[in-house]
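Listing of work-v7.cif, mmCIF, C-alpha atoms
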```cif
data_structure
loop_
_atom_site.label_atom_id
_atom_site.label_comp_id
_atom_site.auth_asym_id
_atom_site.auth_seq_id
_atom_site.Cartn_x
_atom_site.Cartn_y
_atom_site.Cartn_z
CA MET A 172 14.56 -28.56 -19.75
CA VAL A 173 12.20 -25.66 -20.27
CA ALA A 174 13.86 -22.61 -18.79
CA ASN A 175 11.04 -21.61 -16.50
CA VAL A 176 10.16 -24.97 -15.12
CA ALA A 177 11.92 -26.01 -11.96
CA ALA A 178 11.67 -29.74 -11.82
CA VAL A 179 13.96 -30.08 -8.89
CA PHE A 180 13.27 -33.08 -6.75
CA ALA A 181 14.98 -32.63 -3.44
CA ALA A 182 15.38 -35.68 -1.24
CA GLY A 183 11.86 -36.50 -0.15
CA GLY A 184 10.67 -33.12 -1.40
CA ASP A 185 8.20 -32.55 -4.19
CA ILE A 186 9.19 -29.19 -5.65
CA ARG A 187 7.63 -28.63 -9.00
CA GLY A 188 5.87 -25.82 -10.67
CA ASP A 189 6.49 -23.09 -13.19
CA THR A 190 8.65 -20.41 -11.60
CA GLY A 191 7.89 -17.82 -14.28
CA ARG A 192 4.17 -18.19 -13.79
CA GLY A 193 4.87 -18.37 -10.08
CA LYS A 194 6.56 -14.98 -10.09
CA TYR A 195 3.56 -13.38 -11.78
CA LEU A 196 1.16 -14.94 -9.28
CA PHE A 197 3.45 -14.10 -6.38
CA ASP A 198 3.23 -10.44 -7.43
CA ALA A 199 -0.52 -10.68 -7.93
CA ALA A 200 -0.78 -12.02 -4.38
CA GLY A 201 1.44 -9.23 -3.03
CA CYS A 202 3.45 -11.58 -0.77
CA ALA A 203 6.56 -9.39 -0.75
CA GLY A 204 4.83 -6.49 0.98
CA CYS A 205 4.11 -7.93 4.40
CA HIS A 206 6.87 -10.51 4.35
CA THR A 207 9.65 -7.95 3.88
CA ASP A 208 10.68 -5.47 6.56
CA LYS A 209 11.54 -2.83 4.00
CA LYS A 210 11.54 0.01 6.49
CA ASN A 211 14.37 -1.53 8.48
CA LYS A 212 16.14 -2.78 5.37
CA GLY A 213 15.38 -6.42 6.12
CA ALA A 214 16.21 -9.07 3.52
CA ALA A 215 13.52 -9.75 0.93
CA LEU A 216 10.85 -12.15 2.21
CA ALA A 217 12.72 -12.61 5.50
CA GLY A 218 9.71 -11.30 7.45
CA GLY A 219 9.93 -9.25 10.62
CA ARG A 220 7.68 -6.48 9.38
CA LYS A 221 5.69 -5.03 12.21
CA LEU A 222 1.95 -5.21 11.60
CA LYS A 223 -0.03 -3.16 14.09
CA THR A 224 -3.64 -4.19 14.54
CA PRO A 225 -6.31 -3.47 17.15
CA PHE A 226 -5.65 -7.00 18.44
CA GLY A 227 -1.95 -6.53 19.00
CA VAL A 228 1.32 -6.32 17.15
CA PHE A 229 2.22 -9.10 14.73
CA TYR A 230 5.54 -9.73 13.03
CA SER A 231 5.42 -11.36 9.62
CA PRO A 232 7.39 -14.61 9.36
CA ASN A 233 10.34 -15.47 7.17
CA ILE A 234 9.16 -17.15 3.95
CA THR A 235 12.53 -17.46 2.24
CA PRO A 236 13.66 -21.01 1.42
CA ASP A 237 15.99 -20.96 4.42
CA PRO A 238 15.44 -24.42 5.95
CA ASP A 239 15.87 -23.33 9.59
CA ASN A 240 14.11 -19.97 9.68
CA GLY A 241 12.04 -19.93 6.52
CA ILE A 242 9.95 -22.46 4.63
CA GLY A 243 12.80 -24.38 3.00
CA ASN A 244 11.63 -27.68 4.46
CA TRP A 245 8.02 -27.30 3.42
CA SER A 246 6.46 -29.69 0.94
CA ASP A 247 3.94 -28.52 -1.62
CA ALA A 248 1.26 -30.08 0.57
CA ASP A 249 2.48 -28.05 3.58
CA PHE A 250 2.33 -24.88 1.53
CA ILE A 251 -1.14 -25.61 0.21
CA ARG A 252 -2.43 -26.41 3.69
CA ALA A 253 -0.98 -23.17 5.09
CA LEU A 254 -2.62 -20.97 2.49
CA ARG A 255 -5.80 -22.95 1.99
CA LEU A 256 -6.58 -23.75 5.63
CA GLY A 257 -4.40 -21.40 7.67
CA ILE A 258 -2.60 -24.27 9.35
CA ALA A 259 1.17 -24.48 9.78
CA PRO A 260 3.09 -27.69 9.03
CA ASP A 261 3.29 -28.34 12.80
CA GLY A 262 -0.50 -28.12 13.06
CA GLN A 263 -0.70 -24.66 14.64
CA HIS A 264 -3.44 -22.33 13.47
CA TYR A 265 -2.33 -19.05 11.97
CA PHE A 266 -3.75 -15.76 13.11
CA PRO A 267 -5.87 -14.29 10.33
CA VAL A 268 -3.51 -11.34 10.03
CA PHE A 269 -2.12 -13.77 7.47
CA PRO A 270 -4.82 -13.34 4.82
CA TYR A 271 -5.67 -17.00 4.36
CA PRO A 272 -9.39 -16.17 4.40
CA SER A 273 -8.59 -14.74 0.94
CA TYR A 274 -5.69 -16.97 -0.10
CA THR A 275 -7.85 -20.03 0.52
CA GLY A 276 -9.33 -19.27 -2.89
CA ILE A 277 -6.04 -19.70 -4.75
CA THR A 278 -6.01 -22.88 -6.82
CA ASP A 279 -3.60 -25.74 -6.11
CA ALA A 280 -1.85 -25.22 -9.45
CA ASP A 281 -1.26 -21.53 -8.70
CA LEU A 282 -0.06 -22.24 -5.17
CA ILE A 283 2.46 -24.79 -6.44
CA ASP A 284 3.82 -22.26 -8.93
CA ILE A 285 4.03 -19.54 -6.28
CA LYS A 286 5.96 -21.86 -4.01
CA ALA A 287 8.29 -22.86 -6.85
CA TYR A 288 9.09 -19.19 -7.42
CA ILE A 289 9.62 -18.49 -3.71
CA PHE A 290 12.09 -21.38 -3.64
CA THR A 291 14.20 -19.60 -6.28
CA ARG A 292 14.64 -16.62 -3.95
CA PRO A 293 17.75 -16.27 -1.79
CA PRO A 294 17.38 -17.85 1.65
CA ALA A 295 17.80 -15.47 4.58
CA PRO A 296 18.69 -16.76 8.05
CA ALA A 297 16.52 -14.23 9.91
CA PRO A 298 14.67 -15.91 12.83
CA ASN A 299 10.97 -15.21 13.35
CA LYS A 300 9.89 -12.73 16.00
CA PRO A 301 7.11 -13.72 18.39
CA HIS A 302 3.87 -11.75 18.09
CA ASP A 303 2.91 -9.33 20.79
CA VAL A 304 -0.80 -9.94 21.20
CA ALA A 305 -2.77 -9.59 24.41
CA ALA A 306 -5.31 -12.12 25.68
CA PRO A 307 -7.75 -13.28 24.51
CA PHE A 308 -6.71 -12.49 20.95
CA GLY A 309 -3.30 -13.97 21.53
CA TRP A 310 -4.73 -17.33 22.53
CA ARG A 311 -4.03 -19.49 19.57
CA PHE A 312 -6.28 -22.25 20.88
CA LEU A 313 -9.27 -19.98 20.28
CA LEU A 314 -8.48 -19.72 16.59
CA PRO A 315 -10.52 -22.78 15.55
CA ILE A 316 -13.58 -21.03 16.98
CA TRP A 317 -12.79 -17.87 15.05
CA LYS A 318 -12.32 -19.95 11.95
CA ALA A 319 -15.63 -21.72 12.46
CA LEU A 320 -17.34 -18.33 12.69
CA TYR A 321 -15.65 -16.41 9.92
CA PHE A 322 -13.63 -18.64 7.65
CA SER A 323 -14.96 -20.56 4.67
CA PRO A 324 -12.10 -22.50 3.14
CA GLY A 325 -11.91 -23.74 -0.41
CA PRO A 326 -10.51 -22.77 -3.79
CA PHE A 327 -12.29 -20.23 -5.95
CA ARG A 328 -15.05 -21.81 -8.02
CA PRO A 329 -15.76 -20.00 -11.29
CA ASP A 330 -19.36 -18.93 -11.75
CA PRO A 331 -20.50 -20.51 -15.03
CA THR A 332 -23.23 -17.90 -15.45
CA ARG A 333 -20.58 -15.17 -15.74
CA ASP A 334 -18.02 -14.67 -18.47
CA GLU A 335 -14.35 -15.56 -18.27
CA GLN A 336 -13.25 -11.97 -17.69
CA TRP A 337 -15.49 -11.54 -14.67
CA ASN A 338 -14.34 -14.84 -13.22
CA ARG A 339 -10.69 -13.94 -13.69
CA GLY A 340 -11.23 -10.53 -12.12
CA ARG A 341 -13.17 -11.99 -9.24
CA TYR A 342 -10.34 -14.45 -8.60
CA LEU A 343 -7.82 -11.59 -8.66
CA ILE A 344 -9.87 -9.48 -6.23
CA ARG A 345 -11.02 -12.16 -3.82
CA ALA A 346 -8.20 -14.70 -3.79
CA LEU A 347 -4.82 -13.50 -5.05
CA GLY A 348 -5.18 -9.75 -4.56
CA HIS A 349 -6.94 -10.18 -1.19
CA CYS A 350 -8.40 -6.66 -1.62
CA GLY A 351 -11.09 -7.29 0.96
CA GLU A 352 -8.56 -7.77 3.75
CA CYS A 353 -8.26 -3.98 3.87
CA HIS A 354 -11.26 -2.74 1.89
CA THR A 355 -13.93 -4.77 3.68
CA PRO A 356 -14.80 -3.53 7.17
CA ARG A 357 -14.49 -5.94 10.09
CA ASP A 358 -16.55 -6.57 13.19
CA ALA A 359 -15.26 -6.43 16.76
CA LEU A 360 -13.71 -9.89 16.46
CA GLY A 361 -11.93 -9.08 13.24
CA GLY A 362 -14.28 -11.01 11.00
CA ALA A 363 -15.13 -9.55 7.60
CA LYS A 364 -18.61 -8.03 7.34
CA ASP A 365 -19.66 -9.78 4.17
CA ASP A 366 -22.66 -7.55 3.51
CA MET A 367 -20.25 -4.62 3.38
CA ALA A 368 -17.75 -6.28 1.02
CA MET A 369 -15.23 -3.74 -0.32
CA ALA A 370 -17.22 -0.84 1.13
CA GLY A 371 -14.22 0.63 2.95
CA THR A 372 -13.67 1.54 6.57
CA ASP A 373 -12.54 4.44 8.69
CA ASN A 374 -11.17 2.00 11.24
CA ALA A 375 -8.70 -0.17 9.32
CA PRO A 376 -6.69 -2.78 11.26
CA GLY A 377 -3.50 -0.85 10.58
CA GLY A 378 -5.17 2.45 11.51
CA GLY A 379 -6.43 5.00 9.09
CA ILE A 380 -9.13 4.99 6.47
CA VAL A 381 -9.59 2.70 3.51
CA PRO A 382 -11.85 3.85 0.68
CA ASN A 383 -15.07 2.31 -0.55
CA ILE A 384 -14.28 0.57 -3.85
CA THR A 385 -17.77 -0.66 -4.64
CA PRO A 386 -19.41 0.88 -7.71
CA ASP A 387 -21.64 3.11 -5.60
CA LYS A 388 -21.90 6.41 -7.48
CA LYS A 389 -21.91 8.67 -4.45
CA THR A 390 -19.49 7.03 -2.04
CA GLY A 391 -17.59 4.46 -4.10
CA ILE A 392 -15.85 4.40 -7.46
CA GLY A 393 -19.03 4.40 -9.54
CA ARG A 394 -18.08 7.65 -11.24
CA TRP A 395 -14.54 6.67 -12.09
CA SER A 396 -13.85 5.89 -15.75
CA ASP A 397 -12.01 2.75 -16.82
CA ALA A 398 -9.09 5.01 -17.72
CA ASP A 399 -9.09 6.41 -14.17
CA LEU A 400 -8.87 2.92 -12.73
CA GLU A 401 -6.22 1.82 -15.22
CA GLU A 402 -4.14 4.84 -14.31
CA LEU A 403 -4.43 4.13 -10.60
CA PHE A 404 -3.35 0.53 -11.08
CA GLU A 405 -0.53 1.44 -13.42
CA SER A 406 1.02 4.47 -11.77
CA GLY A 407 -0.85 5.11 -8.52
CA MET A 408 -2.47 8.31 -9.73
CA LEU A 409 -5.92 9.26 -8.47
CA PRO A 410 -8.44 11.10 -10.64
CA ASP A 411 -7.72 14.41 -8.86
CA GLY A 412 -4.02 14.28 -9.73
CA ASP A 413 -2.91 13.09 -6.31
CA PHE A 414 -0.82 9.93 -5.98
CA VAL A 415 -1.56 7.18 -3.51
CA GLY A 416 1.08 6.57 -0.88
CA SER A 417 1.31 4.32 2.16
CA ASP A 418 -0.42 0.97 1.83
CA MET A 419 -2.07 1.34 -1.56
CA GLY A 420 1.15 2.82 -2.90
CA GLU A 421 2.82 -0.43 -1.95
CA VAL A 422 0.05 -2.44 -3.59
CA VAL A 423 0.47 -0.45 -6.81
CA ASP A 424 4.21 -1.01 -6.70
CA LEU A 425 4.24 -4.68 -5.89
CA THR A 426 1.05 -5.85 -7.52
CA THR A 427 -1.20 -3.80 -9.76
CA SER A 428 1.55 -2.13 -11.81
CA ARG A 429 2.87 -5.61 -12.57
CA LEU A 430 -0.39 -7.11 -13.80
CA SER A 431 -0.98 -7.80 -17.48
CA LYS A 432 -3.32 -5.55 -19.45
CA SER A 433 -5.90 -8.30 -19.67
CA ASP A 434 -5.78 -8.90 -15.91
CA ILE A 435 -6.24 -5.17 -15.27
CA LYS A 436 -9.28 -5.24 -17.54
CA ALA A 437 -10.62 -8.28 -15.69
CA LEU A 438 -9.98 -6.60 -12.35
CA ILE A 439 -11.91 -3.52 -13.47
CA ALA A 440 -14.78 -5.60 -14.86
CA ALA A 441 -15.10 -7.48 -11.57
CA LEU A 442 -14.88 -4.27 -9.50
CA ARG A 443 -17.71 -2.80 -11.55
CA ALA A 444 -19.80 -5.90 -10.91
CA LEU A 445 -19.53 -5.66 -7.11
CA THR A 446 -22.68 -4.86 -5.18
CA PRO A 447 -22.73 -1.08 -4.69
CA VAL A 448 -22.73 -0.14 -1.01
CA ASP A 449 -23.56 3.36 0.16
CA ASN A 450 -20.85 3.93 2.74
CA LYS A 451 -19.16 7.29 2.91
CA ILE A 452 -15.60 7.14 4.15
CA GLU A 453 -14.17 10.42 5.32
CA PRO A 454 -10.91 11.30 7.03
CA LYS A 455 -11.39 12.02 10.71
CA LYS A 456 -10.26 15.34 12.04
CA LYS A 457 -6.69 14.80 12.98
CA ASN A 458 -5.77 15.02 16.63
CA LYS A 459 -3.50 17.97 16.85
CA LEU A 460 -0.41 17.49 18.91
CA LYS A 461 -0.32 21.15 19.78
CA PRO A 462 -3.56 22.01 21.54
CA ASP A 463 -3.39 25.70 20.66
CA LEU A 464 -3.18 25.19 16.90
CA MET B 601 25.76 33.32 47.40
CA LYS B 602 25.96 30.14 45.41
CA THR B 603 22.19 30.05 45.05
CA ILE B 604 22.11 33.60 43.81
CA VAL B 605 24.70 32.82 41.13
CA LEU B 606 22.77 29.73 40.08
CA LYS B 607 19.54 31.67 40.01
CA ALA B 608 21.13 34.37 37.93
CA ALA B 609 22.52 31.77 35.55
CA ALA B 610 19.15 30.10 35.29
CA LEU B 611 17.50 33.43 34.61
CA ALA B 612 20.09 34.25 31.98
CA VAL B 613 19.50 30.94 30.24
CA ALA B 614 15.77 31.48 30.46
CA ALA B 615 16.16 34.95 29.00
CA ILE B 616 18.10 33.57 26.04
CA VAL B 617 15.66 30.74 25.45
CA LEU B 618 12.67 33.04 25.71
CA SER B 619 14.20 35.73 23.52
CA VAL B 620 14.39 33.35 20.53
CA PRO B 621 10.97 33.92 19.10
CA PRO B 622 9.48 30.52 18.34
CA ALA B 623 7.32 30.38 15.26
CA THR B 624 3.87 31.29 16.42
CA ALA B 625 1.01 28.90 16.03
CA GLN B 626 -0.37 31.00 13.20
CA GLU B 627 2.96 30.98 11.38
CA GLU B 628 3.23 27.22 11.70
CA GLU B 629 -0.30 26.79 10.48
CA GLY B 630 0.53 29.15 7.61
CA ILE B 631 3.56 27.08 6.61
CA ILE B 632 1.46 23.93 6.51
CA LYS B 633 -1.43 25.54 4.65
CA HIS B 634 0.97 27.04 2.11
CA ARG B 635 2.64 23.67 1.58
CA GLN B 636 -0.72 22.00 1.07
CA ALA B 637 -1.68 24.69 -1.44
CA VAL B 638 1.56 24.14 -3.37
CA MET B 639 0.98 20.38 -3.41
CA LYS B 640 -2.61 20.92 -4.56
CA ALA B 641 -1.24 23.02 -7.41
CA VAL B 642 1.11 20.19 -8.36
CA GLY B 643 -1.77 17.74 -8.23
CA GLY B 644 -3.96 20.15 -10.19
CA HIS B 645 -1.54 20.21 -13.11
CA PHE B 646 -1.18 16.45 -12.91
CA GLY B 647 -4.92 16.01 -12.96
CA ALA B 648 -5.29 18.38 -15.92
CA MET B 649 -2.55 16.64 -17.91
CA SER B 650 -4.05 13.28 -17.13
CA ARG B 651 -7.45 14.30 -18.52
CA ILE B 652 -5.75 15.56 -21.68
CA LEU B 653 -3.67 12.42 -22.07
CA LYS B 654 -6.73 10.22 -21.57
CA GLY B 655 -8.39 12.09 -24.42
CA GLN B 656 -11.24 13.36 -22.27
CA VAL B 657 -10.50 16.93 -23.39
CA LYS B 658 -8.74 18.13 -26.51
CA PHE B 659 -6.28 20.63 -25.05
CA THR B 660 -3.15 18.77 -26.15
CA GLY B 661 -1.48 22.12 -26.89
CA ASP B 662 -1.73 22.97 -23.19
CA LEU B 663 0.51 20.11 -22.11
CA LYS B 664 3.49 22.43 -22.51
CA THR B 665 2.01 25.00 -20.16
CA HIS B 666 1.20 22.40 -17.53
CA ALA B 667 4.64 20.83 -17.83
CA ARG B 668 6.36 24.19 -17.35
CA ALA B 669 4.18 25.01 -14.38
CA LEU B 670 5.08 21.65 -12.88
CA ALA B 671 8.80 22.25 -13.40
CA ASP B 672 8.45 25.67 -11.72
CA LEU B 673 6.54 24.12 -8.82
CA ALA B 674 9.30 21.53 -8.43
CA GLY B 675 11.58 24.43 -7.54
CA ILE B 676 9.11 25.68 -4.96
CA ALA B 677 8.47 22.23 -3.51
CA ALA B 678 11.99 22.07 -2.17
CA ARG B 679 11.33 25.11 0.02
CA VAL B 680 8.02 24.18 1.57
CA PHE B 681 9.30 21.66 4.11
CA PRO B 682 11.16 23.81 6.65
CA GLU B 683 12.37 22.07 9.76
CA GLY B 684 9.77 22.02 12.50
CA SER B 685 6.75 21.98 10.24
CA ASP B 686 5.86 18.41 11.05
CA PHE B 687 3.15 19.01 13.63
CA GLY B 688 -0.33 20.37 13.42
CA ASP B 689 -2.81 19.39 10.77
CA THR B 690 -0.37 17.79 8.36
CA ARG B 691 0.33 14.37 6.94
CA ALA B 692 4.01 15.18 6.41
CA LEU B 693 5.97 12.51 8.25
CA GLU B 694 8.84 13.15 10.59
CA ASP B 695 11.12 11.08 8.35
CA ILE B 696 11.29 14.09 6.02
CA TRP B 697 13.56 15.73 8.57
CA LYS B 698 15.09 12.53 9.90
CA LYS B 699 16.20 11.27 6.50
CA PRO B 700 17.01 14.53 4.71
CA LYS B 701 19.27 12.86 2.16
CA GLU B 702 16.59 10.45 0.97
CA PHE B 703 14.05 13.24 0.89
CA LYS B 704 16.30 15.55 -1.07
CA LYS B 705 16.97 12.82 -3.60
CA ILE B 706 13.29 12.71 -4.44
CA LEU B 707 12.99 16.50 -4.59
CA ASP B 708 15.98 16.60 -6.94
CA ALA B 709 14.38 13.91 -9.08
CA PHE B 710 11.22 16.02 -9.17
CA LYS B 711 13.26 18.87 -10.69
CA THR B 712 15.19 16.80 -13.22
CA GLU B 713 12.25 14.64 -14.29
CA SER B 714 9.89 17.59 -14.67
CA ALA B 715 12.57 19.44 -16.68
CA LYS B 716 12.67 16.39 -18.96
CA LEU B 717 8.90 16.58 -19.29
CA VAL B 718 9.17 20.20 -20.47
CA LYS B 719 11.77 19.20 -23.04
CA ILE B 720 9.59 16.42 -24.40
CA ALA B 721 6.61 18.79 -24.49
CA ASP B 722 8.60 21.23 -26.58
CA GLY B 723 9.43 18.36 -28.95
CA GLY B 724 5.73 17.60 -29.35
CA ASP B 725 5.80 13.78 -29.06
CA VAL B 726 2.61 13.07 -27.09
CA LYS B 727 3.35 9.37 -26.67
CA ALA B 728 6.79 10.07 -25.20
CA PHE B 729 5.20 12.77 -23.06
CA GLY B 730 2.70 10.27 -21.68
CA ASP B 731 5.48 7.84 -20.80
CA GLN B 732 7.52 10.48 -19.01
CA PHE B 733 4.38 11.75 -17.27
CA LYS B 734 3.70 8.29 -15.88
CA ALA B 735 7.30 7.72 -14.86
CA LEU B 736 7.41 11.08 -13.07
CA GLY B 737 4.18 10.37 -11.23
CA LYS B 738 5.14 6.90 -10.15
CA ASN B 739 8.80 7.46 -9.33
CA VAL B 740 8.60 10.90 -7.82
CA CYS B 741 5.08 11.56 -6.50
CA GLY B 742 4.25 7.98 -5.62
CA THR B 743 7.65 7.22 -4.10
CA CYS B 744 7.56 10.31 -1.92
CA HIS B 745 4.00 9.76 -0.76
CA LYS B 746 4.83 6.20 0.18
CA ALA B 747 7.87 7.10 2.23
CA PHE B 748 7.05 10.51 3.60
CA ARG B 749 3.30 11.01 3.75
CA GLU B 750 1.14 9.59 6.49
CA LYS B 751 -1.90 7.60 5.49
CA LYS B 752 -5.28 9.22 5.87
CA LYS B 753 -6.73 8.81 9.32
#
```

What is this file in structure tokens?
Amino acid sequence: MVANVAAVFAAGGDIRGDTGRGKYLFDAAGCAGCHTDKKNKGAALAGGRKLKTPFGVFYSPNITPDPDNGIGNWSDADFIRALRLGIAPDGQHYFPVFPYPSYTGITDADLIDIKAYIFTRPPAPAPNKPHDVAAPFGWRFLLPIWKALYFSPGPFRPDPTRDEQWNRGRYLIRALGHCGECHTPRDALGGAKDDMAMAGTDNAPGGGIVPNITPDKKTGIGRWSDADLEELFESGMLPDGDFVGSDMGEVVDLTTSRLSKSDIKALIAALRALTPVDNKIEPKKKNKLKPDL
Amino acid sequence: MKTIVLKAAALAVAAIVLSVPPATAQEEEGIIKHRQAVMKAVGGHFGAMSRILKGQVKFTGDLKTHARALADLAGIAARVFPEGSDFGDTRALEDIWKKPKEFKKILDAFKTESAKLVKIADGGDVKAFGDQFKALGKNVCGTCHKAFREKKK
């Protein structure tokens, strides 16, 4: 048997897929970040990470192969439906804090490999924590309406008028990397403002500011060189010598620093091809805790 | 009588508390501004080295100078986070003082890794220098900013 290929057929299950390829795609999709409560030393992929949003506090679920608390009983079809359509095996709709509006673009083949890799990870028995979301955002039955308004499901379709590199980069940005989940501003109902794609926001769901990464020369990354972008993705260094921390630091760690050279090049090519949006993002004056300072 | 004793005790305590001069607002602000200046200096040398390593300028001979400056600044960096300097206009997170062991580990790594960078610079191997430069940035600067610096608001 080829070393990387898990052709394990559990009773009634349909686990297949290339775990080596799956690991690469798993990193490209950055799953480990939200699904691991690193701050409280939670087990890898066991969930429980607190995600604060303007709509309430969510706790990421356990995605280890633990059959009782994780996704150990999921079929490939269950997994594909969850990521493609945002629907759990029991038919419940997921809140879009789970970035299925992006993951919907991941191809079936890639999803199957990602799942195969996840199923090689150690199971953790950590139970899921209920979300703490106030009405009406906590009303799951409203989610189909939200989805009808803001969600267009379906795998990424390559644009035949563009070259392979652009298509690969676009797939990395839009589907796997789900960059827009943070870098695209949202409206009052949490839907992405498509005409402002990747233009940044000073009101990110997790608080704080997220920079404009469109190629706008004044307010985006239009003046960055390819080497500047490569360096950011590789080591987290910004052109001014500062190093990203917090959320992007995690993305560099878990995703961009693990991408192949050719994927980085594709990512950069696709970033450069985004529609430039003039949207200046500036830090707000911090509220000082001591009024006399 | 009892009340008088209690009052006297309270006044004595108050006198002690009030006699400890708390850092004034200006001093606190000064500590934070100084720290930010030191960090800007660190970033400045990083930025300069990065431009050299990317080949955008030809000052390869200056890498040594920048590396030494960085190693010197690593010594200063350990002193610029005194207890109590976590409020005001700063992105330094409270965890710096709550998890002093973890924080110190990174500061120590800053010293040892930047000392290594100086050594490599003296040897003159630009490729090895670039590798160490990246490792230092990712493992020291990046790690610390992730754990101990608040995101921009």

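Proximity ranking of B:Gly684, B:Lys699, B:Leu693, B:Ile720 relative to Thr624 (chain B) places B:Gly684 first, based on all atoms listed in the file.
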
- request: Evaluate the PyMOL selection byres ((chain A) within 6 of (chain B)) here and jot the selected residues down as a VMD selection string.
  value: chain A and resid 379 to 380 406 411 to 414 416 to 417 420 454 to 455 459 464

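Picture a line from CA of Ala441 (chain A) to CA of Ile285 (chain A); it runs 23.2 Å.
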
query: Neighbours of region 358-361 of chain A within 10 Å (all atoms listed in the file; same-chain residues fewer than 2 positions away dropped), as a PyMOL selection string?
result: chain A and resi 224-226+267-268+308+317+320-321+356+363-364+376

- request: List every protein, DNA or RNA residue that has at least one atom no more than 8 Å from (-4.4, -18.1, -3.1) in the file's coordinates, counting all atoms listed in the file, and write the result as a list in words.
  value: Ala200, Leu254, Arg255, Tyr271, Ser273, Tyr274, Thr275, Gly276, Ile277, Thr278, Asp281, Leu282, Pro326, Ala346 and Leu347 of chain A

message: To one decimal place in Å, what is the distance between CA of Ala287 (chain A) and CA of Phe197 (chain A)?
response: 10.0 Å

task: Mind giving me the straight-line distance from CA of Ala637 (chain B) to CA of Ile706 (chain B) in Å, one decimal?
output: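 So the two atoms, CA of Ala637 (chain B) and CA of Ile706 (chain B), lie 19.4 Å apart.
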
- request: Evaluate the PyMOL selection byres ((chain A and resi 205-211) around 12) and record the selected residues as a VMD selection string, following the chain and residue labels used in the document.
  value: (chain A and resid 197 200 to 204 212 to 223 229 to 235 241 268 to 270 289 295 297 299 to 300 417 to 418 421 to 422 425) or (chain B and resid 695 746 to 748)

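Here the PyMOL selection byres ((chain A and resi 262-266) around 8) captures the residues Gly257, Ile258, Ala259, Pro260, Asp261, Pro267, Val268, Phe269, Arg311, Phe312, Leu314 and Pro315 of chain A.
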
message: Neighbouring residues of Arg679 (chain B) were defined as those with any atom within 12 Å, considering all atoms listed in the file; residues of the same chain fewer than 3 positions away were excluded. Please report them as a list in words.
response: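 Near neighbours after the sequence-gap exclusion: Ile631, Ile632, His634, Arg635, Val638, Met639, Leu673, Ala674, Gly675, Ile676, Pro682, Glu683, Ser685, Lys704, Leu707 and Asp708 of chain B.
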
May I have the residues within 7 Å of Thr355 (chain A) as a PDB file with C-alpha atoms, in the frame of the given file, using only C-alpha atoms and disregarding those fewer than 2 positions away in the same chain?
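For reference, result_21.pdb as written:
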```pdb
ATOM      1  CA  GLY A 351     -11.090  -7.290   0.960  1.00  0.00           C
ATOM      2  CA  GLU A 352      -8.560  -7.770   3.750  1.00  0.00           C
ATOM      3  CA  CYS A 353      -8.260  -3.980   3.870  1.00  0.00           C
ATOM      4  CA  ARG A 357     -14.490  -5.940  10.090  1.00  0.00           C
ATOM      5  CA  ALA A 363     -15.130  -9.550   7.600  1.00  0.00           C
ATOM      6  CA  LYS A 364     -18.610  -8.030   7.340  1.00  0.00           C
ATOM      7  CA  MET A 367     -20.250  -4.620   3.380  1.00  0.00           C
ATOM      8  CA  ALA A 368     -17.750  -6.280   1.020  1.00  0.00           C
ATOM      9  CA  MET A 369     -15.230  -3.740  -0.320  1.00  0.00           C
ATOM     10  CA  ALA A 370     -17.220  -0.840   1.130  1.00  0.00           C
ATOM     11  CA  GLY A 371     -14.220   0.630   2.950  1.00  0.00           C
ATOM     12  CA  THR A 372     -13.670   1.540   6.570  1.00  0.00           C
TER      13      THR A 372
END
```
